[in-house]
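Dumped model02.txt below, it's compact mmCIF, C-alpha atoms:
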# COMPACT_ATOMS: atom_id res chain seq x y z
CA MET K 282 30.51 -30.46 -1.39
CA THR K 283 32.92 -32.81 0.29
CA LEU K 284 35.01 -35.34 -1.60
CA PHE K 285 32.88 -38.11 -0.09
CA ASP K 286 29.67 -36.50 -1.40
CA PHE K 287 31.29 -36.08 -4.77
CA ILE K 288 32.25 -39.75 -5.02
CA GLN K 289 28.79 -40.77 -3.86
CA ARG K 290 27.30 -38.65 -6.61
CA LEU K 291 29.62 -39.97 -9.29
CA LEU K 292 28.57 -43.47 -8.29
CA GLY K 293 24.94 -42.39 -8.53
CA ARG K 294 24.30 -43.22 -4.88
CA GLN K 295 23.25 -39.77 -3.81
CA LYS K 296 20.96 -37.22 -5.38
CA PRO K 297 21.99 -33.57 -5.38
CA SER K 298 20.49 -31.83 -2.36
CA GLY K 299 18.53 -29.41 -4.54
CA THR K 300 16.64 -32.34 -6.05
CA MET K 301 15.99 -33.77 -2.61
CA ALA K 302 14.71 -30.38 -1.48
CA LYS K 303 12.23 -30.29 -4.35
CA GLU K 304 10.96 -33.81 -3.70
CA ARG K 305 10.57 -33.21 0.02
CA LEU K 306 8.77 -29.93 -0.59
CA GLN K 307 6.34 -31.44 -3.06
CA LEU K 308 5.41 -34.09 -0.53
CA VAL K 309 5.00 -31.76 2.42
CA LEU K 310 3.04 -29.21 0.38
CA ALA K 311 0.64 -31.86 -0.85
CA HIS K 312 -0.11 -32.58 2.81
CA ASP K 313 -0.29 -28.90 3.77
CA ARG K 314 -2.64 -28.08 0.92
CA SER K 315 -4.99 -31.01 1.46
CA ASP K 316 -5.07 -30.59 5.24
CA LEU K 317 -4.62 -34.34 5.63
CA ASN K 318 -2.18 -35.26 8.34
CA PRO K 319 0.11 -38.25 7.77
CA GLU K 320 -1.93 -40.36 10.20
CA LEU K 321 -5.19 -39.81 8.33
CA LEU K 322 -3.44 -40.40 5.03
CA GLU K 323 -2.01 -43.68 6.32
CA GLN K 324 -5.48 -44.75 7.48
CA MET K 325 -6.93 -43.87 4.08
CA ARG K 326 -4.10 -45.75 2.38
CA ARG K 327 -4.79 -48.89 4.42
CA GLU K 328 -8.52 -48.75 3.73
CA ILE K 329 -7.98 -48.25 0.01
CA LEU K 330 -5.61 -51.21 -0.09
CA GLU K 331 -8.15 -53.35 1.79
CA VAL K 332 -10.85 -52.57 -0.73
CA VAL K 333 -8.63 -53.17 -3.73
CA GLN K 334 -7.39 -56.43 -2.23
CA ARG K 335 -10.90 -57.83 -2.22
CA TYR K 336 -10.87 -57.71 -6.00
CA VAL K 337 -7.28 -58.31 -6.98
CA GLU K 338 -4.19 -59.60 -5.29
CA ILE K 339 -1.78 -56.73 -4.99
CA ASP K 340 1.77 -56.35 -3.87
CA ILE K 341 1.37 -54.52 -0.58
CA GLU K 342 5.08 -53.79 -0.32
CA GLU K 343 5.15 -52.14 -3.73
CA GLY K 344 1.77 -50.48 -3.38
CA ASP K 345 1.88 -46.72 -3.09
CA VAL K 346 -0.92 -44.29 -2.36
CA SER K 347 0.20 -40.72 -2.13
CA LEU K 348 -0.76 -37.13 -2.65
CA GLU K 349 0.81 -35.41 -5.60
CA THR K 350 0.56 -31.82 -6.52
CA GLU K 351 1.02 -29.84 -9.67
CA ASP K 352 0.06 -26.25 -10.42
CA ARG K 353 -1.49 -25.98 -6.95
CA VAL K 354 -3.89 -28.85 -7.70
CA THR K 355 -3.52 -31.84 -5.42
CA ALA K 356 -4.39 -35.35 -6.57
CA LEU K 357 -4.53 -38.67 -4.80
CA VAL K 358 -2.41 -41.04 -6.83
CA ALA K 359 -2.38 -44.80 -6.28
CA ASN K 360 0.12 -47.08 -7.90
CA LEU K 361 -0.81 -50.67 -7.03
CA PRO K 362 0.97 -53.45 -8.94
CA ILE K 363 -1.51 -56.31 -9.45
CA LYS K 364 -0.17 -59.84 -8.96
CA ARG K 365 -3.31 -61.62 -10.15
CA ALA K 366 -7.06 -61.33 -10.11
CA ARG K 367 -8.98 -63.04 -7.32
CA PRO K 368 -10.89 -66.25 -8.18
CA LEU K 369 -14.56 -65.64 -8.93
CA PRO K 370 -16.07 -66.82 -5.61
CA ALA K 371 -13.92 -64.34 -3.73
CA LEU K 372 -15.07 -61.61 -6.08
CA VAL K 373 -18.71 -62.33 -5.35
CA ALA K 374 -18.04 -62.26 -1.63
CA ALA K 375 -16.31 -58.95 -2.04
CA ALA K 376 -19.21 -57.54 -4.02
CA ALA K 377 -21.60 -58.76 -1.34
CA ALA K 378 -19.56 -56.97 1.28
CA VAL K 379 -20.31 -53.67 -0.38
CA GLY K 380 -23.94 -54.65 -0.93
CA MET K 381 -23.94 -55.24 -4.66
CA ALA K 382 -24.33 -58.96 -5.09
CA GLN K 383 -27.66 -60.17 -6.42
CA ALA K 384 -27.98 -62.68 -3.59
CA PRO K 385 -26.23 -61.30 -0.53
CA ASP K 386 -24.25 -63.88 1.35
CA PRO K 387 -24.90 -63.61 5.10
CA GLU K 388 -21.44 -65.03 5.72
CA ALA K 389 -19.75 -62.20 3.90
CA PRO K 390 -17.50 -60.06 6.12
CA GLN K 391 -19.60 -57.01 6.96
CA GLU K 392 -16.98 -55.06 8.84
CA LEU K 393 -15.28 -54.14 5.60
CA ALA K 394 -18.27 -52.26 4.24
CA LEU K 395 -17.07 -48.85 3.15
CA PRO K 396 -19.06 -46.00 1.72
CA LEU K 397 -17.79 -46.31 -1.81
CA ALA K 398 -18.71 -43.62 -4.23
CA CYS K 399 -17.95 -45.54 -7.38
CA GLU K 400 -19.34 -48.89 -8.48
CA PRO K 401 -17.74 -51.47 -10.72
CA GLU K 402 -19.15 -51.43 -14.21
CA GLY K 403 -21.69 -54.10 -15.17
CA ASP K 404 -23.20 -56.80 -12.98
CA PRO K 405 -21.01 -59.01 -10.86
CA SER K 406 -20.61 -62.35 -12.64
CA PRO K 407 -23.25 -64.83 -11.60
CA ALA K 408 -21.14 -67.56 -10.09
CA ASP K 409 -21.47 -70.53 -7.87
CA PRO K 410 -21.13 -69.16 -4.30
CA ASP K 411 -18.85 -71.95 -3.29
CA MET A 106 2.95 14.95 -2.97
CA ASP A 107 -0.11 16.75 -4.24
CA ALA A 108 -3.73 15.76 -3.84
CA VAL A 109 -4.48 15.44 -7.56
CA THR A 110 -5.25 11.84 -8.44
CA SER A 111 -5.60 10.17 -11.79
CA ALA A 112 -5.63 6.36 -11.90
CA PRO A 113 -6.43 4.56 -8.62
CA ALA A 114 -3.36 3.71 -6.56
CA ARG A 115 -1.81 0.28 -6.81
CA ILE A 116 -2.04 -1.22 -3.32
CA ILE A 117 0.51 -4.02 -3.04
CA LEU A 118 1.10 -6.27 -0.06
CA ILE A 119 4.68 -7.48 0.35
CA CYS A 120 4.62 -10.73 2.28
CA SER A 121 6.46 -14.03 2.76
CA GLY A 122 5.12 -16.06 5.66
CA LYS A 123 8.60 -16.81 6.97
CA GLY A 124 10.58 -14.06 8.65
CA GLY A 125 14.00 -12.88 7.51
CA VAL A 126 13.66 -13.60 3.80
CA GLY A 127 13.83 -9.97 2.70
CA LYS A 128 10.34 -8.41 2.85
CA THR A 129 11.41 -5.16 4.43
CA THR A 130 14.51 -4.84 2.25
CA LEU A 131 12.36 -5.37 -0.83
CA THR A 132 9.78 -2.81 0.35
CA ALA A 133 12.46 -0.18 1.02
CA ASN A 134 14.28 -0.72 -2.28
CA LEU A 135 11.11 -0.96 -4.33
CA GLY A 136 9.80 2.19 -2.68
CA ILE A 137 12.91 4.15 -3.64
CA ALA A 138 13.02 2.66 -7.14
CA LEU A 139 9.36 3.48 -7.86
CA ALA A 140 9.78 7.00 -6.49
CA ARG A 141 12.80 7.50 -8.76
CA LEU A 142 10.63 6.51 -11.71
CA GLY A 143 8.33 9.39 -10.81
CA GLU A 144 5.67 7.41 -8.96
CA ARG A 145 4.23 8.94 -5.81
CA THR A 146 4.91 6.09 -3.41
CA VAL A 147 3.96 5.44 0.21
CA VAL A 148 5.51 2.54 2.11
CA LEU A 149 3.42 1.44 5.05
CA ASP A 150 5.05 -0.55 7.83
CA ALA A 151 2.26 -2.86 8.93
CA ASP A 152 4.60 -4.64 11.30
CA PHE A 153 4.10 -2.17 14.12
CA GLY A 154 5.18 -4.57 16.86
CA LEU A 155 8.63 -5.05 15.37
CA ARG A 156 8.91 -2.23 12.90
CA ASN A 157 12.11 -1.91 10.88
CA LEU A 158 11.23 -0.22 7.63
CA ASP A 159 12.16 3.16 9.16
CA LEU A 160 15.63 1.79 9.94
CA LEU A 161 16.28 0.47 6.44
CA LEU A 162 15.22 3.79 4.94
CA GLY A 163 17.32 5.79 7.40
CA LEU A 164 14.21 7.52 8.75
CA GLU A 165 14.24 6.12 12.29
CA ASN A 166 14.81 9.50 13.93
CA ARG A 167 12.10 11.29 12.04
CA ILE A 168 8.99 9.45 13.13
CA VAL A 169 6.71 11.56 15.27
CA TYR A 170 3.23 10.30 14.48
CA THR A 171 1.88 7.02 13.15
CA ALA A 172 -1.31 5.81 11.45
CA GLN A 173 -2.68 5.33 14.92
CA GLU A 174 -2.72 9.07 15.65
CA VAL A 175 -4.14 9.79 12.19
CA LEU A 176 -7.06 7.44 12.82
CA ALA A 177 -7.60 8.90 16.28
CA GLU A 178 -7.61 12.34 14.61
CA THR A 179 -4.91 13.70 16.90
CA CYS A 180 -2.88 14.61 13.80
CA ARG A 181 -3.37 15.03 10.07
CA LEU A 182 -2.17 12.46 7.57
CA GLU A 183 0.44 14.91 6.20
CA GLN A 184 2.01 15.15 9.64
CA ALA A 185 2.38 11.39 9.97
CA LEU A 186 3.83 10.78 6.50
CA VAL A 187 7.63 10.90 6.77
CA LYS A 188 9.10 12.17 3.52
CA HIS A 189 12.40 10.68 2.40
CA LYS A 190 15.29 13.14 2.45
CA GLN A 191 16.77 12.39 -0.98
CA GLU A 192 13.67 11.06 -2.66
CA PRO A 193 10.69 13.37 -2.07
CA ASN A 194 8.33 11.11 -4.06
CA LEU A 195 8.63 8.54 -1.28
CA ALA A 196 6.98 8.72 2.12
CA LEU A 197 6.92 6.29 5.03
CA LEU A 198 3.93 5.72 7.26
CA PRO A 199 4.44 3.52 10.31
CA ALA A 200 1.23 1.71 11.27
CA GLY A 201 1.72 2.14 14.96
CA ASN A 202 3.86 2.49 17.97
CA PRO A 203 5.63 -0.67 19.17
CA ARG A 204 4.45 0.04 22.72
CA MET A 205 0.78 0.03 21.73
CA LEU A 206 0.15 -3.55 20.73
CA GLU A 207 -3.24 -4.88 19.68
CA TRP A 208 -4.81 -1.68 18.50
CA LEU A 209 -4.99 -2.34 14.78
CA THR A 210 -8.01 -4.03 13.20
CA PRO A 211 -8.57 -4.91 9.54
CA GLU A 212 -11.05 -2.00 9.39
CA ASP A 213 -8.42 0.44 10.71
CA MET A 214 -6.08 -0.78 8.00
CA GLN A 215 -8.69 -0.31 5.27
CA ARG A 216 -9.40 3.25 6.48
CA ILE A 217 -5.79 4.36 6.64
CA VAL A 218 -4.86 2.76 3.30
CA ALA A 219 -7.86 4.43 1.63
CA MET A 220 -6.66 7.79 2.94
CA VAL A 221 -3.10 7.21 1.76
CA ALA A 222 -4.21 5.86 -1.62
CA GLU A 223 -5.90 9.17 -2.45
CA ARG A 224 -2.53 10.85 -2.75
CA ALA A 225 -0.32 8.08 -4.11
CA ASP A 226 0.33 6.03 -7.22
CA PHE A 227 1.76 3.09 -5.28
CA VAL A 228 1.11 1.97 -1.71
CA LEU A 229 3.46 -0.79 -0.57
CA ILE A 230 2.40 -2.59 2.61
CA ASP A 231 5.25 -4.29 4.45
CA CYS A 232 3.58 -7.31 6.04
CA PRO A 233 4.68 -8.89 9.33
CA ALA A 234 5.94 -12.48 9.26
CA GLY A 235 3.45 -15.21 10.12
CA ILE A 236 -0.09 -15.91 9.02
CA GLU A 237 -1.95 -14.76 12.12
CA ASP A 238 -3.60 -11.43 13.00
CA GLY A 239 -0.68 -9.32 11.82
CA PHE A 240 -0.94 -10.83 8.36
CA LYS A 241 -4.74 -10.55 8.31
CA ASN A 242 -4.60 -6.87 9.24
CA ALA A 243 -1.92 -6.09 6.68
CA ALA A 244 -3.74 -8.02 3.95
CA ALA A 245 -7.13 -6.42 4.66
CA ALA A 246 -6.59 -3.47 2.34
CA ALA A 247 -4.35 -5.08 -0.28
CA ARG A 248 -5.51 -5.40 -3.87
CA GLU A 249 -2.46 -7.23 -5.18
CA ALA A 250 0.55 -8.92 -3.60
CA ILE A 251 4.18 -9.78 -4.03
CA VAL A 252 5.29 -12.94 -2.25
CA ILE A 253 9.01 -13.02 -1.58
CA THR A 254 10.86 -16.22 -0.81
CA THR A 255 14.36 -17.71 -0.86
CA PRO A 256 15.30 -21.04 -2.49
CA GLU A 257 15.06 -22.88 0.84
CA VAL A 258 12.54 -25.52 1.84
CA SER A 259 11.19 -23.68 4.89
CA ALA A 260 10.76 -20.35 3.10
CA VAL A 261 9.03 -21.99 0.11
CA ARG A 262 6.72 -23.96 2.35
CA ASP A 263 5.67 -20.85 4.28
CA ALA A 264 5.25 -18.90 1.05
CA ASP A 265 2.88 -21.61 -0.14
CA ARG A 266 0.69 -21.14 2.94
CA VAL A 267 0.55 -17.40 2.36
CA ILE A 268 -0.32 -17.86 -1.32
CA GLY A 269 -3.22 -20.11 -0.30
CA LEU A 270 -4.51 -17.42 2.07
CA LEU A 271 -4.14 -14.68 -0.56
CA ASN A 272 -6.06 -16.80 -3.07
CA THR A 273 -8.98 -17.32 -0.70
CA ARG A 274 -9.05 -13.57 -0.03
CA GLY A 275 -9.24 -12.82 -3.73
CA VAL A 276 -6.03 -10.79 -3.80
CA ALA A 277 -4.82 -10.71 -7.41
CA PRO A 278 -2.43 -10.66 -9.10
CA VAL A 279 0.01 -12.39 -6.77
CA GLN A 280 3.56 -12.33 -8.10
CA LEU A 281 6.78 -13.90 -6.89
CA VAL A 282 10.20 -12.52 -6.04
CA LEU A 283 12.97 -15.07 -5.52
CA ASN A 284 15.60 -13.62 -3.21
CA ARG A 285 19.15 -14.66 -2.25
CA VAL A 286 19.72 -16.64 -5.43
CA ARG A 287 23.14 -18.32 -5.57
CA PRO A 288 23.75 -19.09 -9.24
CA ARG A 289 26.66 -21.46 -8.62
CA MET A 290 24.80 -23.60 -6.11
CA MET A 291 21.78 -23.68 -8.41
CA ALA A 292 23.91 -24.70 -11.38
CA SER A 293 25.34 -27.61 -9.38
CA GLN A 294 21.83 -28.49 -8.18
CA GLU A 295 22.76 -28.03 -4.55
CA MET A 296 19.97 -25.49 -4.18
CA LEU A 297 16.37 -25.34 -5.36
CA GLY A 298 16.44 -23.90 -8.87
CA VAL A 299 14.44 -20.97 -10.17
CA ASP A 300 12.21 -23.33 -12.17
CA ASP A 301 11.75 -25.62 -9.16
CA VAL A 302 10.40 -22.77 -7.04
CA THR A 303 8.13 -21.34 -9.74
CA ASP A 304 6.83 -24.86 -10.55
CA ILE A 305 6.03 -25.57 -6.92
CA LEU A 306 4.43 -22.22 -6.11
CA ALA A 307 2.83 -21.75 -9.56
CA LEU A 308 3.20 -17.97 -9.50
CA PRO A 309 4.52 -15.63 -12.18
CA LEU A 310 8.00 -14.40 -11.37
CA VAL A 311 8.41 -10.62 -11.12
CA GLY A 312 11.99 -10.59 -9.85
CA LEU A 313 15.17 -12.55 -9.18
CA VAL A 314 17.61 -11.09 -6.68
CA VAL A 315 21.03 -12.69 -6.39
CA GLU A 316 22.75 -12.94 -3.03
CA ASP A 317 24.65 -9.68 -2.73
CA GLU A 318 26.82 -8.50 0.16
CA GLN A 319 26.01 -4.91 -0.74
CA VAL A 320 22.52 -5.46 0.70
CA ILE A 321 24.04 -5.80 4.17
CA VAL A 322 26.23 -2.73 3.65
CA SER A 323 23.27 -0.65 2.55
CA THR A 324 21.21 -1.83 5.52
CA ASN A 325 23.99 -0.79 7.87
CA ARG A 326 23.95 2.69 6.38
CA GLY A 327 20.18 3.07 6.20
CA GLU A 328 20.46 3.81 2.49
CA PRO A 329 18.62 1.36 0.24
CA LEU A 330 20.72 0.06 -2.66
CA THR A 331 18.38 1.58 -5.22
CA LEU A 332 19.31 5.01 -3.85
CA ASN A 333 22.94 4.92 -4.94
CA GLY A 334 24.22 1.36 -5.31
CA ASN A 335 23.51 1.32 -8.99
CA GLY A 336 26.38 -0.97 -9.90
CA SER A 337 25.36 -3.81 -7.61
CA PRO A 338 23.45 -6.79 -9.00
CA ALA A 339 20.78 -6.60 -6.28
CA ALA A 340 20.16 -2.90 -6.97
CA LYS A 341 19.64 -3.71 -10.63
CA ALA A 342 17.24 -6.51 -9.70
CA TYR A 343 15.14 -4.23 -7.47
CA GLN A 344 15.01 -1.56 -10.16
CA ASN A 345 13.84 -4.16 -12.68
CA ILE A 346 11.06 -5.27 -10.34
CA ALA A 347 9.87 -1.67 -10.07
CA ARG A 348 9.85 -1.32 -13.85
CA ARG A 349 8.02 -4.61 -14.36
CA LEU A 350 5.38 -3.49 -11.85
CA ARG A 351 4.80 -0.44 -14.03
CA GLY A 352 4.17 -2.70 -17.00
CA GLU A 353 7.57 -2.58 -18.70
CA ASP A 354 8.59 -5.80 -20.40
CA ILE A 355 12.01 -6.64 -19.01
CA PRO A 356 13.10 -10.23 -19.58
CA LEU A 357 14.04 -12.31 -16.54
CA GLU A 358 17.25 -14.23 -16.88
CA ASP A 359 17.98 -17.25 -14.72
CA PRO A 360 21.50 -16.42 -13.47
CA SER A 361 22.35 -20.10 -13.03
CA LYS A 362 21.90 -20.58 -16.78
CA ALA A 363 23.18 -17.20 -17.84
CA ARG A 364 26.77 -18.08 -18.80
CA LYS A 365 27.35 -17.83 -22.50
CA GLY A 366 30.08 -18.93 -24.91
CA LEU A 367 31.38 -22.40 -25.66
CA ARG A 368 33.82 -22.59 -22.78
CA ALA A 369 31.26 -21.36 -20.28
CA ARG A 370 28.65 -23.77 -21.57
CA LEU A 371 31.12 -26.64 -21.36
CA MET A 372 32.01 -25.65 -17.80
CA ASN A 373 28.31 -25.49 -16.96
CA LYS A 374 27.82 -28.97 -18.35
CA ILE A 375 30.72 -30.31 -16.31
CA ARG A 376 29.42 -28.54 -13.25
CA LYS A 377 25.96 -29.99 -13.69
CA THR A 378 27.10 -33.56 -14.16
CA THR A 379 29.77 -33.57 -11.51
CA GLY A 380 28.53 -31.01 -9.05
CA LEU A 381 32.11 -29.81 -8.73
CA PHE A 382 32.89 -26.13 -7.98

Just give me the structure as structure tokens.
Amino acid sequence: MTLFDFIQRLLGRQKPSGTMAKERLQLVLAHDRSDLNPELLEQMRREILEVVQRYVEIDIEEGDVSLETEDRVTALVANLPIKRARPLPALVAAAAAVGMAQAPDPEAPQELALPLACEPEGDPSPADPD
Amino acid sequence: MDAVTSAPARIILICSGKGGVGKTTLTANLGIALARLGERTVVLDADFGLRNLDLLLGLENRIVYTAQEVLAETCRLEQALVKHKQEPNLALLPAGNPRMLEWLTPEDMQRIVAMVAERADFVLIDCPAGIEDGFKNAAAAAREAIVITTPEVSAVRDADRVIGLLNTRGVAPVQLVLNRVRPRMMASQEMLGVDDVTDILALPLVGLVVEDEQVIVSTNRGEPLTLNGNGSPAAKAYQNIARRLRGEDIPLEDPSKARKGLRARLMNKIRKTTGLF
């Protein structure tokens, strides 16, 4: 370790390289094990964020969707700080986009329809569509 | 080696994914150590393209036949097995001749290992680097495996790939040897720690081998450390692996945490927080 590295570490600006090695390995192994390349993962991340954004306003910059791995089991972990919930009309439009509104709105953006496996609990609130 | 058999032979694949992490050195030393403990041991060099196990055992001038000739029935198995000079419980069987590439199939491997297993307690298969055909051939006959790695990102990543392949093949148990451990660098967290590697790979540890210059010396001489380098830390580590494989309970001590006494503990603490020396 050079004197410069040492000072950096005393100031808490640099992690020890062993710690960096572990973090980098955990990331790359999560990708290796899931067979998802970074490009596909990025696409999935964007699509997940799009879907979530229809329901709540999230901080895109802070949002993080990543693969984590422990004991050879890989999990998709999303950490999405919510700024605020969307107003009700937007929620209904979002529900319509995935085909769950009671009265589908023909104006709803159809290109966002994704094959979602899970459904929100309960009925979407009956609200004034304007 | 006599033909009387009791329990079925342990057939252990020694593999790593990455090259140069110590597979062949481990195979040679483990072979000697097991033989010294009275186990009839055969080490099989499955890396016939770039074979080196003969060189580490000092048997390079004594190879006449290989598994290839045994399978072709141009010689008997006894003729192809090269007995070690000082350790008659150990024999080497090269899989093939470097000039005859592409002859070995997984079925060939299963046949030859079955023949060898009839007259041995332990069969250690030295696997080639990589995860392609060489690995698949070598793994075809293995019942259990030892994955060897070093505390470096590339070696751990490649080991992880190999572990995945062993799991899908149903090879079990798979145990881990961590090689070239540098206690000081681990203590100052400038190297992946023992716990880091076992956490990431999620395998039980069967051995820790510290970086030891004597390994190079013994390789130069063609005399594995377990043959006469009893004082060296690596020799001790290899002997312990052999004993653990036989079911002995020998505790594993993380050398980066091994210092005892107040002064040593204080120094460790300082080292950890500052990363100095």

Quick one: which chain K residues come within 7 Å of chain A, and what is the nearest atom pair for each with the distance in Å to one decimal, counting all atoms listed in the file, rows ordered by chain and ascending number, as CSV?
residue,atom,partner,partner_atom,distance
K:Leu291,CA,A:Thr379,CA,6.8
K:Pro297,CA,A:Glu295,CA,5.7
K:Ser298,CA,A:Glu295,CA,4.9
K:Gly299,CA,A:Met296,CA,4.2
K:Thr300,CA,A:Gln294,CA,6.8
K:Ala302,CA,A:Val258,CA,6.3
K:Lys303,CA,A:Leu297,CA,6.5
K:Leu306,CA,A:Val258,CA,6.3
K:Leu310,CA,A:Arg262,CA,6.7
K:Asp352,CA,A:Ala307,CA,5.4
K:Arg353,CA,A:Ala307,CA,6.6

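Those DNA, RNA and protein residues that approach the point (-4.6, -58.3, -6.6) to within 6 Å, considering all atoms listed in the file, are Gln334, Val337, Glu338, Ile339, Ile363, Lys364, Arg365 and Ala366 of chain K.
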
### Selection as a ChimeraX atom specification: residues within 12 Å of (10.6, -10.9, -18.6), counting only C-alpha atoms
/A:309-313,342,345-346,348-350,352-359

### Query
So what do you get for atom CA of A:Glu178 versus atom CA of A:Arg216, distance-wise?
12.3 Å

### Long-range neighbours of A:Ala250 as a PyMOL selection string, 9 Å cut-off, all atoms listed in the file, 4 positions minimum in chain
chain A and resi 116-120+244+271+276-281

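Rounded to one decimal, atom CA of A:Val267 and atom CA of A:Met214 lie 18.8 Å from each other.
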
### Message
I need the residue nearest K:Arg367 from this list: K:Thr350, K:Thr355, K:Glu331, K:Tyr336. Use all atoms listed in the file for the distance.
### Response
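Using all atoms listed in the file, K:Arg367 sits closest to K:Tyr336.
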
### Summary
Separating atom CA of K:Phe285 from atom CA of A:Arg289, to the nearest tenth of an Å, is a gap of 19.7 Å

### Task
Write out as a PyMOL selection string which residues come within 12 Å of stretch 183-191 of chain A when counting all atoms listed in the file, dropping same-chain ones fewer than 2 positions away.
chain A and resi 106-108+133+136-137+140-141+145-150+158-159+161-176+178-181+193-201+217+220-221+224-225+327-329+331-333
